[in-house]
>>> print(open('target-v4.cif').read())   # mmCIF, C-alpha atoms
data_run
#
loop_
_atom_site.label_atom_id
_atom_site.label_comp_id
_atom_site.auth_asym_id
_atom_site.auth_seq_id
_atom_site.Cartn_x
_atom_site.Cartn_y
_atom_site.Cartn_z
CA MET A 1 20.00 182.67 115.01
CA GLY A 2 18.12 184.60 117.68
CA GLY A 3 16.96 188.09 116.70
CA GLU A 4 15.87 189.61 113.44
CA PRO A 5 17.87 192.83 113.21
CA GLY A 6 16.06 193.94 110.05
CA ALA A 7 12.70 193.62 111.75
CA LEU A 8 13.79 196.03 114.50
CA LEU A 9 14.85 198.60 111.94
CA SER A 10 11.56 198.51 110.15
CA THR A 11 9.27 198.92 113.14
CA GLY A 12 7.93 202.45 113.23
CA PRO A 13 4.85 204.53 112.81
CA THR A 14 5.19 204.79 109.03
CA GLN A 15 5.24 202.01 106.46
CA PRO A 16 8.73 201.86 104.84
CA ALA A 17 8.92 202.99 101.23
CA PRO A 18 8.77 200.22 98.61
CA VAL A 19 12.11 199.24 97.08
CA THR A 20 13.19 198.83 93.49
CA THR A 21 15.27 196.03 91.97
CA GLU A 22 18.14 198.53 91.49
CA GLN A 23 18.13 199.44 95.19
CA VAL A 24 18.36 195.77 96.15
CA TRP A 25 21.29 195.20 93.78
CA GLU A 26 23.01 198.30 95.23
CA ALA A 27 22.53 196.97 98.77
CA LEU A 28 23.91 193.56 97.78
CA LYS A 29 27.01 195.20 96.30
CA ALA A 30 27.90 196.12 99.88
CA VAL A 31 27.70 192.50 101.13
CA PRO A 32 31.31 191.28 101.33
CA ASP A 33 32.45 187.78 100.53
CA PRO A 34 33.09 186.49 104.07
CA GLU A 35 36.43 184.94 103.15
CA ILE A 36 37.72 187.63 100.74
CA PRO A 37 36.25 190.90 102.07
CA VAL A 38 37.65 193.11 99.27
CA VAL A 39 35.02 191.76 96.90
CA SER A 40 31.25 191.59 97.29
CA VAL A 41 28.92 188.69 96.64
CA VAL A 42 27.76 190.60 93.52
CA ASP A 43 31.37 191.05 92.31
CA MET A 44 31.86 187.31 92.72
CA GLY A 45 28.89 186.59 90.47
CA MET A 46 27.13 184.71 93.26
CA VAL A 47 23.87 186.67 93.10
CA ARG A 48 21.92 185.18 90.22
CA ALA A 49 18.53 186.89 90.49
CA VAL A 50 16.67 189.59 92.37
CA ASP A 51 12.89 189.56 92.19
CA VAL A 52 10.86 192.39 93.67
CA ALA A 53 7.15 191.73 94.11
CA GLU A 54 4.06 193.16 95.82
CA GLY A 55 4.86 196.70 94.73
CA GLY A 56 8.35 196.65 96.19
CA ARG A 57 7.46 195.13 99.58
CA ALA A 58 8.58 191.53 98.96
CA VAL A 59 12.05 190.60 97.76
CA SER A 60 13.44 187.27 96.69
CA VAL A 61 17.18 186.84 96.11
CA THR A 62 18.67 183.77 94.42
CA PHE A 63 22.35 183.05 94.91
CA THR A 64 24.65 180.21 93.90
CA PRO A 65 27.37 178.76 96.11
CA THR A 66 30.96 179.03 94.89
CA PHE A 67 32.16 175.65 96.17
CA SER A 68 29.57 173.14 97.33
CA GLY A 69 31.37 172.49 100.61
CA CYS A 70 31.95 176.18 101.33
CA PRO A 71 31.48 176.67 105.09
CA ALA A 72 30.60 180.35 104.57
CA LEU A 73 27.31 179.55 102.82
CA HIS A 74 25.10 180.21 105.83
CA VAL A 75 26.97 183.47 106.56
CA ILE A 76 26.37 184.59 102.97
CA ARG A 77 22.70 183.65 103.18
CA GLU A 78 22.23 185.60 106.41
CA SER A 79 24.21 188.63 105.17
CA ILE A 80 22.11 188.83 102.00
CA GLY A 81 18.90 188.64 104.04
CA ALA A 82 20.12 191.29 106.48
CA ALA A 83 21.16 193.65 103.66
CA VAL A 84 17.69 193.51 102.07
CA ARG A 85 15.91 193.86 105.42
CA GLY A 86 18.17 196.87 106.02
CA LEU A 87 16.28 198.58 103.18
CA GLY A 88 13.10 198.23 105.23
CA VAL A 89 11.74 195.15 103.46
CA GLN A 90 10.18 192.63 105.82
CA ASP A 91 9.23 189.90 103.36
CA VAL A 92 12.64 188.60 102.28
CA THR A 93 13.41 185.18 100.80
CA VAL A 94 16.95 184.03 100.13
CA GLN A 95 17.33 180.84 98.13
CA SER A 96 20.23 179.02 96.51
CA THR A 97 20.48 177.36 93.12
CA LEU A 98 23.06 175.01 91.57
CA THR A 99 22.13 175.87 87.98
CA PRO A 100 24.14 176.97 86.17
CA PRO A 101 27.13 175.99 88.32
CA TRP A 102 29.20 178.93 89.52
CA SER A 103 32.24 179.77 87.45
CA THR A 104 35.16 182.09 88.21
CA ASP A 105 34.44 183.56 84.76
CA TRP A 106 31.59 185.45 86.46
CA ILE A 107 33.92 187.47 88.69
CA ASN A 108 33.74 190.99 87.25
CA GLU A 109 36.73 192.91 85.86
CA ASP A 110 36.82 195.49 88.62
CA ALA A 111 36.85 192.76 91.27
CA ARG A 112 39.69 190.94 89.50
CA GLU A 113 41.80 194.07 89.84
CA ARG A 114 40.91 194.38 93.53
CA LEU A 115 41.81 190.73 94.11
CA ARG A 116 45.17 191.38 92.47
CA GLN A 117 45.82 194.44 94.65
CA TYR A 118 44.86 192.37 97.69
CA GLY A 119 47.58 189.89 96.72
CA ILE A 120 45.43 187.12 95.24
CA ALA A 121 46.08 186.19 91.61
CA PRO A 122 42.72 186.40 89.82
CA PRO A 123 41.53 183.23 88.06
CA ALA A 124 42.43 182.49 84.46
CA PRO A 125 39.45 181.96 82.11
CA ALA A 126 37.78 178.64 82.92
CA GLY A 127 35.59 178.34 79.84
CA ASP A 128 32.98 175.64 79.52
CA ASP A 129 35.51 172.89 79.05
CA THR A 130 35.37 170.65 82.09
CA LEU A 131 37.65 168.01 80.59
CA ILE A 132 40.19 166.75 83.04
CA THR A 133 43.69 167.93 82.28
CA LEU A 134 46.78 167.54 84.38
CA GLU A 135 48.19 170.93 83.29
CA PRO A 136 47.34 173.71 85.72
CA GLU A 137 46.19 176.97 84.09
CA PRO A 138 48.77 179.80 83.65
CA THR A 139 48.98 182.13 86.64
CA GLN A 140 50.54 185.59 86.95
CA CYS A 141 52.21 186.97 90.09
CA PRO A 142 49.85 189.60 91.57
CA ARG A 143 52.81 191.72 92.75
CA CYS A 144 55.28 191.88 89.85
CA GLY A 145 53.22 190.46 86.98
CA SER A 146 55.65 187.65 86.15
CA PHE A 147 54.38 184.39 84.69
CA ASP A 148 57.43 182.66 86.13
CA VAL A 149 55.58 181.26 89.12
CA ARG A 150 55.56 177.90 90.82
CA MET A 151 52.56 176.30 92.52
CA THR A 152 53.59 175.31 96.02
CA ALA A 153 50.29 173.70 96.97
CA SER A 154 47.26 172.93 94.86
CA PHE A 155 44.96 173.74 97.78
CA GLY A 156 44.96 176.86 99.93
CA ALA A 157 43.49 178.33 103.06
CA THR A 158 40.02 178.35 101.48
CA LEU A 159 38.43 175.98 98.96
CA CYS A 160 38.71 178.54 96.14
CA LYS A 161 42.47 179.20 96.30
CA ARG A 162 45.87 177.54 95.78
CA THR A 163 49.29 178.77 96.89
CA TYR A 164 52.22 179.85 94.71
CA VAL A 165 55.64 181.43 94.90
CA CYS A 166 56.90 183.91 92.29
CA GLU A 167 60.31 182.95 90.89
CA SER A 168 60.96 186.55 89.79
CA CYS A 169 60.20 188.58 92.91
CA ARG A 170 60.31 185.61 95.34
CA GLU A 171 56.97 186.52 96.92
CA PRO A 172 54.64 183.75 98.04
CA PHE A 173 51.02 184.44 97.05
CA GLU A 174 47.58 182.90 96.72
CA GLY A 175 45.83 182.35 93.42
CA PHE A 176 42.19 181.77 92.61
CA LYS A 177 41.42 178.37 91.09
CA SER A 178 39.69 178.53 87.71
CA VAL A 179 36.42 176.68 87.87
CA MET B 180 26.82 170.04 108.21
CA THR B 181 26.10 172.70 105.64
CA ALA B 182 23.37 170.60 104.07
CA THR B 183 20.69 172.06 106.31
CA ASN B 184 21.47 175.46 104.83
CA VAL B 185 21.12 174.49 101.22
CA HIS B 186 17.55 174.82 100.12
CA PRO B 187 16.38 173.99 96.63
CA PRO B 188 15.35 176.99 94.58
CA SER B 189 11.65 177.24 93.96
CA GLY B 190 10.49 176.52 90.44
CA GLN B 191 13.63 174.64 89.49
CA ASN B 192 11.80 171.44 88.73
CA GLN B 193 9.25 172.14 86.10
CA SER B 194 6.77 169.56 87.36
CA GLY B 195 6.78 170.75 90.96
CA SER B 196 8.39 168.60 93.62
CA LEU B 197 11.23 166.24 92.87
CA ALA B 198 9.26 163.30 94.25
CA GLY B 199 6.47 164.11 91.80
CA SER B 200 8.83 164.04 88.84
CA ILE B 201 10.22 160.55 89.57
CA PRO B 202 8.02 157.55 88.78
CA GLN B 203 6.85 155.84 91.97
CA GLU B 204 8.34 152.45 91.06
CA LEU B 205 11.82 153.97 90.66
CA GLN B 206 11.86 155.73 94.01
CA PRO B 207 13.10 152.88 96.25
CA ALA B 208 16.11 152.29 93.99
CA LEU B 209 16.86 156.00 93.78
CA LEU B 210 16.68 156.34 97.57
CA ALA B 211 19.08 153.39 97.93
CA LYS B 212 21.44 154.85 95.34
CA LEU B 213 21.49 158.34 96.91
CA THR B 214 22.09 156.77 100.33
CA ALA B 215 25.03 154.72 99.02
CA LEU B 216 26.54 157.73 97.25
CA ALA B 217 26.17 160.02 100.27
CA ASP B 218 27.44 157.40 102.74
CA ASP B 219 30.57 156.74 100.66
CA LEU B 220 31.42 160.42 100.86
CA ILE B 221 30.56 160.93 104.54
CA VAL B 222 32.74 158.01 105.61
CA LEU B 223 35.70 158.77 103.33
CA SER B 224 35.53 162.45 104.21
CA HIS B 225 35.80 161.53 107.88
CA ARG B 226 38.75 159.22 107.23
CA ASN B 227 40.56 161.98 105.36
CA ALA B 228 39.79 164.48 108.11
CA GLU B 229 41.65 162.20 110.54
CA TRP B 230 44.86 163.52 108.97
CA THR B 231 44.12 167.09 110.05
CA GLY B 232 47.10 168.10 112.15
CA HIS B 233 48.96 164.88 111.28
CA ALA B 234 49.81 165.09 107.56
CA PRO B 235 53.49 164.95 106.49
CA ILE B 236 53.63 168.69 105.71
CA LEU B 237 51.35 171.65 106.34
CA GLU B 238 50.37 172.09 102.68
CA GLU B 239 49.20 168.48 102.51
CA ASP B 240 47.32 168.83 105.74
CA ILE B 241 45.44 171.72 104.17
CA ALA B 242 44.98 169.94 100.85
CA LEU B 243 43.45 166.86 102.39
CA ALA B 244 41.20 168.96 104.62
CA ASN B 245 40.05 170.77 101.45
CA ILE B 246 39.30 167.49 99.71
CA ALA B 247 37.44 166.18 102.76
CA GLN B 248 35.40 169.39 102.90
CA ASP B 249 34.51 169.18 99.20
CA GLN B 250 33.41 165.58 99.70
CA LEU B 251 31.20 166.56 102.59
CA GLY B 252 29.78 169.27 100.33
CA HIS B 253 28.98 166.67 97.68
CA ALA B 254 27.44 164.38 100.30
CA SER B 255 25.20 167.24 101.38
CA LEU B 256 24.05 167.77 97.77
CA TYR B 257 22.93 164.12 97.63
CA LEU B 258 21.34 164.38 101.07
CA THR B 259 19.37 167.45 100.05
CA LEU B 260 17.82 165.40 97.24
CA LEU B 261 17.20 162.51 99.58
CA GLY B 262 15.43 164.96 101.89
CA GLU B 263 13.22 166.17 99.05
CA LEU B 264 12.27 162.60 98.19
CA ASP B 265 11.58 161.09 101.60
CA GLY B 266 12.02 163.87 104.16
CA THR B 267 15.45 162.69 105.35
CA ASP B 268 17.14 165.19 107.67
CA PRO B 269 20.84 165.38 106.70
CA ASP B 270 22.09 165.64 110.27
CA ARG B 271 20.01 162.69 111.48
CA HIS B 272 21.18 160.70 108.47
CA ALA B 273 24.86 161.33 109.21
CA TYR B 274 24.88 161.31 113.00
CA PHE B 275 22.12 159.01 114.19
CA ARG B 276 22.51 155.83 112.16
CA GLY B 277 24.69 152.95 113.27
CA ALA B 278 27.17 150.89 111.27
CA ARG B 279 24.48 148.39 110.27
CA GLU B 280 22.46 151.18 108.66
CA TYR B 281 25.33 152.75 106.74
CA ARG B 282 25.53 151.77 103.05
CA ASN B 283 29.05 152.86 102.15
CA ALA B 284 31.43 150.66 100.18
CA GLN B 285 33.98 148.98 102.43
CA MET B 286 36.95 150.73 100.81
CA MET B 287 35.80 153.98 102.43
CA GLU B 288 35.89 152.71 106.01
CA LEU B 289 39.35 151.09 105.96
CA PRO B 290 41.62 152.79 108.54
CA LYS B 291 43.58 155.68 107.11
CA GLY B 292 46.87 153.73 107.01
CA ASP B 293 50.00 155.54 105.87
CA TRP B 294 50.24 158.45 103.43
CA ALA B 295 50.63 156.11 100.43
CA PHE B 296 47.44 154.25 101.40
CA THR B 297 45.50 157.48 101.91
CA MET B 298 46.63 158.99 98.59
CA LEU B 299 46.04 155.81 96.59
CA ARG B 300 42.56 155.29 98.02
CA GLN B 301 41.66 158.88 97.27
CA TYR B 302 43.09 158.58 93.74
CA LEU B 303 41.07 155.42 93.00
CA VAL B 304 37.92 157.10 94.31
CA ASP B 305 38.65 160.40 92.52
CA ALA B 306 39.00 158.64 89.16
CA TYR B 307 35.72 156.80 89.78
CA GLU B 308 33.91 159.95 90.90
CA VAL B 309 35.12 162.07 87.98
CA LEU B 310 33.74 159.44 85.57
CA TRP B 311 30.57 158.96 87.64
CA PHE B 312 29.79 162.67 87.69
CA SER B 313 30.61 162.97 83.96
CA GLY B 314 27.95 160.33 83.34
CA LEU B 315 25.45 161.69 85.86
CA LYS B 316 25.69 165.11 84.20
CA GLU B 317 23.61 163.63 81.37
CA SER B 318 20.83 162.49 83.73
CA ARG B 319 17.27 163.16 82.57
CA VAL B 320 16.50 164.40 86.07
CA THR B 321 17.63 168.01 86.29
CA ALA B 322 18.36 167.86 90.00
CA LEU B 323 20.81 164.97 89.50
CA ALA B 324 22.47 166.56 86.47
CA ASP B 325 22.88 169.82 88.44
CA ILE B 326 24.68 168.06 91.30
CA ALA B 327 27.01 166.35 88.84
CA ALA B 328 27.85 169.53 86.93
CA LYS B 329 28.64 171.32 90.18
CA ALA B 330 30.72 168.54 91.73
CA LEU B 331 32.66 167.74 88.56
CA ARG B 332 34.22 171.21 88.54
CA GLU B 333 35.61 170.55 92.02
CA LYS B 334 36.65 166.94 91.46
CA LYS B 335 39.26 167.73 88.81
CA PHE B 336 41.43 169.40 91.46
CA HIS B 337 41.28 166.28 93.63
CA LEU B 338 42.27 163.95 90.80
CA GLN B 339 45.15 166.19 89.69
CA HIS B 340 46.45 166.24 93.22
CA THR B 341 46.18 162.58 94.15
CA ALA B 342 47.48 161.33 90.77
CA LEU B 343 50.66 163.36 91.34
CA TRP B 344 51.11 161.85 94.79
CA VAL B 345 50.60 158.27 93.61
CA GLU B 346 53.19 158.82 90.86
CA ARG B 347 55.63 160.60 93.19
CA LEU B 348 55.55 157.85 95.82
CA ALA B 349 55.52 154.95 93.34
CA LEU B 350 58.60 156.34 91.56
CA GLY B 351 60.26 157.84 94.62
CA THR B 352 62.47 155.71 96.85
CA ASP B 353 62.45 151.95 97.37
CA GLU B 354 60.60 152.55 100.62
CA SER B 355 57.92 154.81 99.09
CA HIS B 356 57.47 152.35 96.20
CA ARG B 357 57.09 149.45 98.62
CA ARG B 358 54.45 151.34 100.57
CA MET B 359 52.53 152.28 97.42
CA GLN B 360 52.62 148.66 96.21
CA ASP B 361 51.44 147.45 99.64
CA ALA B 362 48.58 149.94 99.51
CA LEU B 363 47.61 148.74 96.03
CA ASN B 364 47.73 145.08 97.15
CA THR B 365 45.08 145.85 99.76
CA LEU B 366 42.93 148.46 98.02
CA TRP B 367 42.65 146.67 94.67
CA LEU B 368 40.46 143.98 96.27
CA TYR B 369 37.90 146.62 97.26
CA VAL B 370 37.67 148.25 93.81
CA PRO B 371 34.99 145.97 92.27
CA GLN B 372 32.51 146.98 94.98
CA LEU B 373 32.60 150.58 93.73
CA PHE B 374 31.03 149.36 90.49
CA GLN B 375 28.45 147.03 92.01
CA PRO B 376 24.92 148.35 91.41
CA VAL B 377 22.47 148.78 94.28
CA GLU B 378 19.21 146.86 94.15
CA GLY B 379 17.07 148.12 91.28
CA GLU B 380 19.82 150.28 89.77
CA GLU B 381 19.32 148.73 86.31
CA ALA B 382 15.89 150.37 86.18
CA LEU B 383 17.40 153.77 87.04
CA VAL B 384 19.88 153.33 84.20
CA ALA B 385 17.19 152.20 81.77
CA ALA B 386 15.10 155.26 82.63
CA GLY B 387 18.05 157.59 82.04
CA LEU B 388 18.35 158.71 85.67
CA THR B 389 21.85 157.42 86.39
CA PRO B 390 24.77 156.27 84.24
CA ASP B 391 25.60 152.60 83.68
CA LEU B 392 28.20 151.50 86.23
CA GLY B 393 29.50 148.74 83.94
CA GLU B 394 30.35 151.33 81.31
CA ILE B 395 31.98 153.55 83.92
CA HIS B 396 34.01 150.60 85.18
CA GLY B 397 35.38 150.08 81.66
CA ARG B 398 36.36 153.74 81.32
CA TRP B 399 37.87 153.68 84.82
CA ASP B 400 39.99 150.67 83.90
CA SER B 401 41.37 152.33 80.79
CA LEU B 402 42.23 155.46 82.80
CA VAL B 403 43.61 153.89 85.98
CA THR B 404 45.28 150.65 84.89
CA PRO B 405 47.84 152.17 82.44
CA PHE B 406 48.53 154.94 84.94
CA LEU B 407 49.33 152.53 87.78
CA THR B 408 51.28 150.02 85.70
CA ASP B 409 52.99 151.86 82.81
CA LYS B 410 53.42 155.26 84.40
CA CYS B 411 53.95 154.34 88.05
CA GLY B 412 55.58 150.92 87.66
CA LEU B 413 53.21 149.20 90.07
CA THR B 414 51.97 145.62 89.77
CA LEU B 415 48.24 144.90 89.86
CA PRO B 416 47.33 142.11 92.30
CA THR B 417 45.87 139.02 90.68
CA GLU B 418 44.16 137.73 93.82
CA PRO B 419 40.39 137.45 93.24
CA ALA B 420 38.32 140.15 94.95
CA PRO B 421 35.92 138.98 97.68
CA ASP B 422 32.16 139.42 97.39
CA LEU B 423 31.27 142.50 99.43
CA SER B 424 27.89 143.89 100.43
CA ARG B 425 27.05 147.47 101.35
CA GLU B 426 25.00 146.04 104.21
CA ILE B 427 27.97 144.41 105.89
CA HIS B 428 30.82 146.39 107.41
CA SER B 429 34.04 145.81 109.26
CA GLU B 430 34.34 146.84 112.90
CA ASP B 431 36.43 149.80 111.67
CA LEU B 432 33.20 151.57 110.73
CA ILE B 433 31.83 151.18 114.26
CA TYR B 434 34.79 153.07 115.72
CA LEU B 435 34.72 155.67 112.96
CA LEU B 436 31.04 156.41 113.57
CA ALA B 437 31.51 156.43 117.34
CA GLU B 438 34.01 159.24 117.03
CA MET B 439 32.14 161.10 114.31
CA GLN B 440 28.79 160.94 116.09
CA VAL B 441 29.65 161.30 119.78
CA VAL B 442 28.99 165.02 120.09
CA ALA B 443 25.67 164.88 118.25
CA ARG B 444 24.50 161.89 120.28
CA GLU B 445 25.66 163.26 123.64
CA PHE B 446 23.98 166.62 123.14
CA ARG B 447 20.75 165.75 121.38
CA ASP B 448 18.87 168.85 122.47
CA VAL B 449 21.41 171.34 121.22
CA ARG B 450 19.81 173.81 118.81
CA GLU B 451 22.88 174.82 116.80
CA TRP B 452 26.30 173.18 116.46
#
>>> encode(input="target-v4.cif", output="structure tokens")
Amino acid sequence: MGGEPGALLSTGPTQPAPVTTEQVWEALKAVPDPEIPVVSVVDMGMVRAVDVAEGGRAVSVTFTPTFSGCPALHVIRESIGAAVRGLGVQDVTVQSTLTPPWSTDWINEDARERLRQYGIAPPAPAGDDTLITLEPEPTQCPRCGSFDVRMTASFGATLCKRTYVCESCREPFEGFKSV
Amino acid sequence: MTATNVHPPSGQNQSGSLAGSIPQELQPALLAKLTALADDLIVLSHRNAEWTGHAPILEEDIALANIAQDQLGHASLYLTLLGELDGTDPDRHAYFRGAREYRNAQMMELPKGDWAFTMLRQYLVDAYEVLWFSGLKESRVTALADIAAKALREKKFHLQHTALWVERLALGTDESHRRMQDALNTLWLYVPQLFQPVEGEEALVAAGLTPDLGEIHGRWDSLVTPFLTDKCGLTLPTEPAPDLSREIHSEDLIYLLAEMQVVAREFRDVREW
């Protein structure tokens, strides 16, 4: 990418105030998931660590990708960097980690409710069991709450979702995969 | 590719760089193994992507594009490690090597064929990959175990999906059964190559870096054979499989790479694409 928008913001006669870990977390809560904008990268459990060093003038953020082939990874990386630079920090590092692998169990309660209101069935608990089963996990219609739903496709418009239709209210909807 | 955007976290490997944590004498075999693993996925991912806009129904178009994208994601995980070991650039690796430099198994490069062929190939590979990643998850090298743990969570959706298609077509109409049996008659001959070790792989297994392919082959057989025969009513070919080498490819790979690489090779100076 060309410019550094954060750098422009921080040029001025006075040194910007040092930031705290809490301020960085607050800023990251405003970074939307690029594919599901009703939830933030923090809601999704993607931000794994925030380290503030040099008296609040250097920030390192560690995030984990949801799906390894997710095409939004570079957007997420840039948005996280821009959000921290927006606080006036110039020394910002954004790194990714695979350990431990992301799980939908990390999506927080509040975000699950927002996903449901948005029309996406939140994921069922994934647990640590990665055994292969041919039974898909139970899913509830985000509109009427019925469990009488039918999966119409096991893959959806993004890597993290599948598509369903509700047999009770007849609405088609998307559901989060449990991983 | 997304690989260029995935950087290893600092301090993940206790002993510093990945290269430093792998004994020198094991490095050539590990480089060969990572290349074979990544190349399998790059080539098959491209074959699957050829269905985009052409699959029987929209949902399947999307499903196969998802699977192809996951596979490219897994290839990029391997390529990131390769880069840490010998400085490989993922984009140069994928787009600037010719067919004679690719080290994929020949099953991956076979033309996409019909829907039965595509689903059966993907099923055979999915079953192999699920077992491979389950084994690799126990690797003594954290970076390899991490890749496996991540990919395994995504693979189960592929296997669920392709197993259903193989069953549906095998037990569907006479025509769909015939096509599935035809696909099996061809693909079965390419299966043994999936379990053929690369040069020096025994040492990687002995050192606890990678799982034993022979063991995985046995587990694969007990998963796949009853499924194809008892459940799907297909007949396994008895024709002996030919001896295949990852260094020799059919002309199909030349055309595949030509299409996959043309933009990168035509516009070498482009900064972002």
>>> atom_distance(input="target-v4.cif", atom1="CA of Asp265 in chain B", atom2="CA of Pro202 in chain B")
13.8 Å
>>> atom_distance(input="target-v4.cif", atom1="CA of Ala111 in chain A", atom2="CA of Lys29 in chain A")
11.3 Å
>>> closest_atom_pairs(input="target-v4.cif", of="chain A", to="chain B", cutoff="10 Å", atoms="all atoms listed in the file", output="JSON lines")
{"residue": "A:Met1", "atom": "CA", "partner": "B:Glu451", "partner_atom": "CA", "distance": 8.6}
{"residue": "A:Thr62", "atom": "CA", "partner": "B:Pro188", "partner_atom": "CA", "distance": 7.6}
{"residue": "A:Phe63", "atom": "CA", "partner": "B:Pro188", "partner_atom": "CA", "distance": 9.3}
{"residue": "A:Thr64", "atom": "CA", "partner": "B:Pro188", "partner_atom": "CA", "distance": 9.9}
{"residue": "A:Pro65", "atom": "CA", "partner": "B:Val185", "partner_atom": "CA", "distance": 9.1}
{"residue": "A:Thr66", "atom": "CA", "partner": "B:Lys329", "partner_atom": "CA", "distance": 9.3}
{"residue": "A:Phe67", "atom": "CA", "partner": "B:Glu333", "partner_atom": "CA", "distance": 7.4}
{"residue": "A:Ser68", "atom": "CA", "partner": "B:Gly252", "partner_atom": "CA", "distance": 4.9}
{"residue": "A:Gly69", "atom": "CA", "partner": "B:Gly252", "partner_atom": "CA", "distance": 3.6}
{"residue": "A:Cys70", "atom": "CA", "partner": "B:Gly252", "partner_atom": "CA", "distance": 7.3}
{"residue": "A:Pro71", "atom": "CA", "partner": "B:Thr181", "partner_atom": "CA", "distance": 6.7}
{"residue": "A:Ala72", "atom": "CA", "partner": "B:Thr181", "partner_atom": "CA", "distance": 8.9}
{"residue": "A:Leu73", "atom": "CA", "partner": "B:Asn184", "partner_atom": "CA", "distance": 7.4}
{"residue": "A:His74", "atom": "CA", "partner": "B:Asn184", "partner_atom": "CA", "distance": 6.1}
{"residue": "A:Val75", "atom": "CA", "partner": "B:Asn184", "partner_atom": "CA", "distance": 9.9}
{"residue": "A:Arg77", "atom": "CA", "partner": "B:Asn184", "partner_atom": "CA", "distance": 8.4}
{"residue": "A:Val94", "atom": "CA", "partner": "B:Pro188", "partner_atom": "CA", "distance": 9.1}
{"residue": "A:Gln95", "atom": "CA", "partner": "B:Pro188", "partner_atom": "CA", "distance": 5.6}
{"residue": "A:Ser96", "atom": "CA", "partner": "B:Pro188", "partner_atom": "CA", "distance": 5.6}
{"residue": "A:Thr97", "atom": "CA", "partner": "B:Pro188", "partner_atom": "CA", "distance": 5.3}
{"residue": "A:Leu98", "atom": "CA", "partner": "B:Asp325", "partner_atom": "CA", "distance": 6.1}
{"residue": "A:Thr99", "atom": "CA", "partner": "B:Asp325", "partner_atom": "CA", "distance": 6.1}
{"residue": "A:Pro100", "atom": "CA", "partner": "B:Asp325", "partner_atom": "CA", "distance": 7.6}
{"residue": "A:Pro101", "atom": "CA", "partner": "B:Lys329", "partner_atom": "CA", "distance": 5.2}
{"residue": "A:Trp102", "atom": "CA", "partner": "B:Lys329", "partner_atom": "CA", "distance": 7.7}
{"residue": "A:Ser103", "atom": "CA", "partner": "B:Arg332", "partner_atom": "CA", "distance": 8.9}
{"residue": "A:Ala126", "atom": "CA", "partner": "B:Arg332", "partner_atom": "CA", "distance": 10.0}
{"residue": "A:Asp129", "atom": "CA", "partner": "B:Arg332", "partner_atom": "CA", "distance": 9.7}
{"residue": "A:Thr130", "atom": "CA", "partner": "B:Arg332", "partner_atom": "CA", "distance": 6.6}
{"residue": "A:Leu131", "atom": "CA", "partner": "B:Lys335", "partner_atom": "CA", "distance": 8.4}
{"residue": "A:Ile132", "atom": "CA", "partner": "B:Lys335", "partner_atom": "CA", "distance": 5.9}
{"residue": "A:Thr133", "atom": "CA", "partner": "B:Gln339", "partner_atom": "CA", "distance": 7.8}
{"residue": "A:Leu134", "atom": "CA", "partner": "B:Gln339", "partner_atom": "CA", "distance": 5.7}
{"residue": "A:Glu135", "atom": "CA", "partner": "B:Gln339", "partner_atom": "CA", "distance": 8.5}
{"residue": "A:Pro136", "atom": "CA", "partner": "B:Gln339", "partner_atom": "CA", "distance": 8.8}
{"residue": "A:Thr152", "atom": "CA", "partner": "B:Glu238", "partner_atom": "CA", "distance": 8.1}
{"residue": "A:Ala153", "atom": "CA", "partner": "B:Glu238", "partner_atom": "CA", "distance": 5.9}
{"residue": "A:Ser154", "atom": "CA", "partner": "B:His340", "partner_atom": "CA", "distance": 6.9}
{"residue": "A:Phe155", "atom": "CA", "partner": "B:Ala242", "partner_atom": "CA", "distance": 4.9}
{"residue": "A:Gly156", "atom": "CA", "partner": "B:Ile241", "partner_atom": "CA", "distance": 6.7}
{"residue": "A:Ala157", "atom": "CA", "partner": "B:Ile241", "partner_atom": "CA", "distance": 7.0}
{"residue": "A:Thr158", "atom": "CA", "partner": "B:Asn245", "partner_atom": "CA", "distance": 7.6}
{"residue": "A:Leu159", "atom": "CA", "partner": "B:Asn245", "partner_atom": "CA", "distance": 6.0}
{"residue": "A:Cys160", "atom": "CA", "partner": "B:Asn245", "partner_atom": "CA", "distance": 9.5}
{"residue": "A:Arg162", "atom": "CA", "partner": "B:Ala242", "partner_atom": "CA", "distance": 9.2}
{"residue": "A:Thr163", "atom": "CA", "partner": "B:Glu238", "partner_atom": "CA", "distance": 8.9}
{"residue": "A:Lys177", "atom": "CA", "partner": "B:Phe336", "partner_atom": "CA", "distance": 9.0}
{"residue": "A:Ser178", "atom": "CA", "partner": "B:Arg332", "partner_atom": "CA", "distance": 9.2}
{"residue": "A:Val179", "atom": "CA", "partner": "B:Arg332", "partner_atom": "CA", "distance": 5.9}
>>> residues_around(input="target-v4.cif", residues="range 295-298 of chain B", least_positions_apart="3", cutoff="8 Å", atoms="all atoms listed in the file", output="list in words")
Asn227, Lys291, Gly292, Gln301, Tyr302, Thr341, Trp344, Val345, Leu348, Ser355, Arg358, Met359, Ala362 and Leu363 of chain B
>>> residues_around(input="target-v4.cif", residues="Arg282 in chain B", least_positions_apart="2", cutoff="8 Å", atoms="only C-alpha atoms", output="PyMOL selection string")
chain B and resi 214-215+218-219+280+284+425-426
>>> closest_residue(input="target-v4.cif", among="A:Pro16, A:Pro125, A:Gly119, A:Gly145", to="Ile36 in chain A", atoms="only C-alpha atoms")
A:Gly119
>>> residues_around(input="target-v4.cif", residues="Tyr118 in chain A", least_positions_apart="6", cutoff="12 Å", atoms="only C-alpha atoms", output="list in words")
Ile36, Pro37, Val38, Val39, Ala111, Arg112, Cys141, Pro142, Arg143, Phe173, Glu174 and Gly175 of chain A
